[in-house]
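*Asks:* Below you will find the structure I want to go over with you.
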Amino acid sequence: MPRFDIIGQLGSLRRYARSLTRDSAEAEDLVHDALVRAYERRGTFRPGGNLRAWLLSIVHNAFIDGLRSRKSEAVRVEQAGYLADASMQAPQEHSVRLAQVREAFFKLPDEQRSALHLVAIEGLSYSQAAEASGVPLGTLMSRIGRARAALREMEDKLPARAKSHLKIVGGP
């Protein structure tokens, strides 16, 4: 495997990146990304090839990939904006109720909130959530039980009028 001596190429890479991005900070990020790519793909460099040209082509390709990614993201954001404009605003009572549930959820202790999030929101099985949390299955189940009990207790403290058809996860 040939040894890469890229220190001497940094000036050229930075100048080219700056000319592509027109911004010093973005240019530094681009050079960094390109050097990471070069390192990861160092096996594709032909021995005896022009290291400078190879690195400059990686900078160029990284720049083009970034442009494409930003354009794609802009299209997705624009399309999401159309969807948001077409959606109806939730009735105020539902918005208030969701805010109450959210507030209660965020008041849970970190371990309980994390466990409940993994199972109820991310849809992981108990064993997957236990593995992701790095705790035994019984510990995870206990945390979820305590979290649900705390949310039910919050639900019981609300006036009857404030309760809605929304169901607390794991609730009655």
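Residues are named by chain letter and number: chains run A, B, ... in the order of the structure tokens, numbers start at 1 in each chain, and ligands are numbered from 1 in the order shown.
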Find the residues near Asp65 in chain A: any atom within 12 Å, counting only C-alpha atoms, skip ones fewer than 6 places away on the same chain, and give them as JSON, numbers by chain.
*Replies:* {"A": [30, 33, 34, 58, 59, 71, 72]}
*Asks:* Which of these, A:Ala129, A:Ile7, A:Leu20, A:Ile144, has the shortest distance to Asp110 in chain A once you count only C-alpha atoms?
*Replies:*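 Smallest distance to Asp110 in chain A is found for A:Ile144.
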*Asks:* Could you tell me, as a VMD selection string, which residues of chain A DSSP assigns to helix (DSSP H, G or I) when given the backbone?
*Replies:* chain A and resid 7 to 21 24 to 40 42 to 44 51 to 86 92 to 107 110 to 121 126 to 133 137 to 157 160 to 162
*Asks:* Excluding Lys157 in chain A and any residue of its chain fewer than 6 positions from it, enumerate the residues within 12 Å of it, using only C-alpha atoms, and give them as a list in words.
*Replies:*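 Once the adjacent positions are removed, what remains is Gln100, Ala104, Ala150, Leu151 and Lys163 of chain A.
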*Asks:* Store the residues picked out above in a file with N, CA and C atoms, as an mmCIF file, in the first residue's frame.
*Replies:*
data_model
loop_
_atom_site.group_PDB
_atom_site.id
_atom_site.type_symbol
_atom_site.label_atom_id
_atom_site.label_comp_id
_atom_site.auth_asym_id
_atom_site.auth_seq_id
_atom_site.Cartn_x
_atom_site.Cartn_y
_atom_site.Cartn_z
ATOM 1 N N GLN A 100 -50.259 18.807 26.971
ATOM 2 C CA GLN A 100 -50.257 18.278 28.339
ATOM 3 C C GLN A 100 -49.547 16.920 28.398
ATOM 4 N N ALA A 104 -46.082 16.106 30.373
ATOM 5 C CA ALA A 104 -45.988 15.013 31.344
ATOM 6 C C ALA A 104 -44.880 14.040 30.946
ATOM 7 N N ALA A 150 -46.977 6.779 35.968
ATOM 8 C CA ALA A 150 -46.869 8.231 36.189
ATOM 9 C C ALA A 150 -47.769 8.986 35.212
ATOM 10 N N LEU A 151 -47.819 8.535 33.971
ATOM 11 C CA LEU A 151 -48.685 9.205 32.993
ATOM 12 C C LEU A 151 -50.161 8.989 33.329
ATOM 13 N N LYS A 163 -60.137 15.668 29.848
ATOM 14 C CA LYS A 163 -59.791 14.370 29.284
ATOM 15 C C LYS A 163 -60.435 14.243 27.917
#
*Asks:* So which one's closest to Thr21 in chain A, A:Pro109, A:Leu118, A:Ser142, A:His60? Using only C-alpha atoms, please.
*Replies:* A:His60
*Asks:* Considering only C-alpha atoms, state which residue in the set A:Ala62, A:Met154, A:Leu55, A:Val135 is at the smallest distance from Glu103 in chain A.
*Replies:*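 The answer is A:Met154, which sits nearest to Glu103 in chain A.
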